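Engineer: One structure follows; several queries about it will come next.
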Amino acid sequence: MKTPLDIPILLFLGIAIVTTLTSIYPYASKIELLKIINYVLLYYLVVNNIKDSHQVKRIATLVVIVGTSLALYGLYNYFGGIEKIYTLDKKYYLGMLTSTYVNHNHIGGYFELAIPLGIGLVLANRYLPGRTRRSKILPAAFISVLLIAATFIMITALVFTYSRGAWIGFLGSMIALGIIISFRFKIFRDWSRLKKWGTLAVLALIIISASLLMPDKVKQRAGTMFKFQEGKVTFSAESTGGRLIVYENTLQMMKDRPILGTGLGTFIYAYPKYRPPGFRIFMNAVHNDYLQ
């Protein structure tokens with residue numbers, strides 16, 4: 001099946017092959033190239049088999065079910081003080097919700113993906129013109145309640161991942177979803193001005209109340225995203241400033257090898273040469289998709 005992304009995908013795959021052949025560490029690049037080939041095959045597997053809205057809705061529902069299950073397991077461990085993944089002791093990210101994932105940023109990334117899907121399913125179930133086939137077992141209102149509950153559980157779990165990147169990503173996805181809703185649905189178009197402003201006021205009140213009621217640990221974690229001292233950004237291991245140092249070093253790497261780079265998956269091996277003296281943080285990636 002032809003798609004609008006065929007040419008961009010083939011170009012990207014071609015570049016990946018060339019950079020693997022010119023890599024500073026061919027073995028690491030070969031491993032990354034195999035991952036990219038897997039992703040390309042997965043893309044074509046999906047577009048050739050998932051074609052109607054009912055199939056899309058089923059996959060979205062599955063993503064939400066998995067996310068809710070992960071959230072419940074993670075919340076159980078977090079509030080129970082259980083620092084384990086099943087029977088294995090956690091060594092890293094202690095005191096953070098990681099569920100079955102090792103890295104709290106990764107589980108946070110799953111939640112920021114699944115939460116907008118949950119909200120979208122609620123809207124599709126209630127308001128979307130030309131709705132997809134309904135369940136013959138459960139009424140639509142009950143399904144909506146389940147989806148809203150699932151979304152709330154995942155949002156709660158997302159908060160306790162303490163993943164600042166996932167928090168920012170979630171905020172961005174909510175803004176994007178709001179824009180889509182305003183164009184796609186007619187929910188608010190027939191409302192009076194009083195109802196519209198009243199709804200916005202209630203939402204603002206909920207957000208402000210939730211912010212004030214957040215545990216101190218969450219507030220402190222959020223505060224480290226923008227940490228300043230005497231008018232300057234402090235360059236600590238987990239501060240935004242530390243990331244800025246890595247970004248600056250990466251730009252120098254790009255100047256030295258501007259066309260083909262160092263090869264797929266080789267940042268971890270190339271970076272030590274560019275790391276400033278005294279900056280001994282282990283970096284396996286740029287932590288910035290565009291620079292990577």
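To be explicit about the labels: the chains of the structure tokens are called A, B, and onward in the order shown, and within each one the residues are counted from 1, while ligands get numbers from 1 in the order they are shown.
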Need the shell around A:Ala71: protein/DNA/RNA residues with any atom at most 7 Å away, counting only C-alpha atoms. Skip same-chain ones fewer than 2 positions apart. Format as a PyMOL selection string?
Structural biologist: chain A and resi 67-69+73-75+99+153-154+157
Engineer: So that I can see what lies close to A:Val286, please list as JSON, numbers by chain the residues with an atom at most 12 Å from it, counting only C-alpha atoms and leaving out residues fewer than 2 positions away in the same chain.
Structural biologist: {"A": [242, 243, 244, 245, 246, 247, 248, 249, 250, 251, 253, 265, 266, 267, 268, 269, 270, 271, 275, 281, 282, 283, 284, 288, 289, 290, 291, 292]}
Engineer: Kindly indicate which residue among A:Ala16, A:Ile259, A:Ile181, A:Leu33 lies nearest to A:Ile119, using only C-alpha atoms for the distances.
Structural biologist: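 Closest to A:Ile119 of all the choices is A:Ile181.
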Engineer: Name the residues in contact with A:Lys2 at a cut-off of 10 Å, using only C-alpha atoms, excluding same-chain residues fewer than 4 positions from it; report them as a ChimeraX atom specification.
Structural biologist: /A:6-7,44,47-48
Engineer: Determine the nearest neighbour of A:Thr3 from the options A:Ile148, A:Val46, A:Ile115, A:Ala28, counting only C-alpha atoms.
Structural biologist: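 Of A:Ile148, A:Val46, A:Ile115, A:Ala28, the one nearest A:Thr3 is A:Val46, counting only C-alpha atoms.
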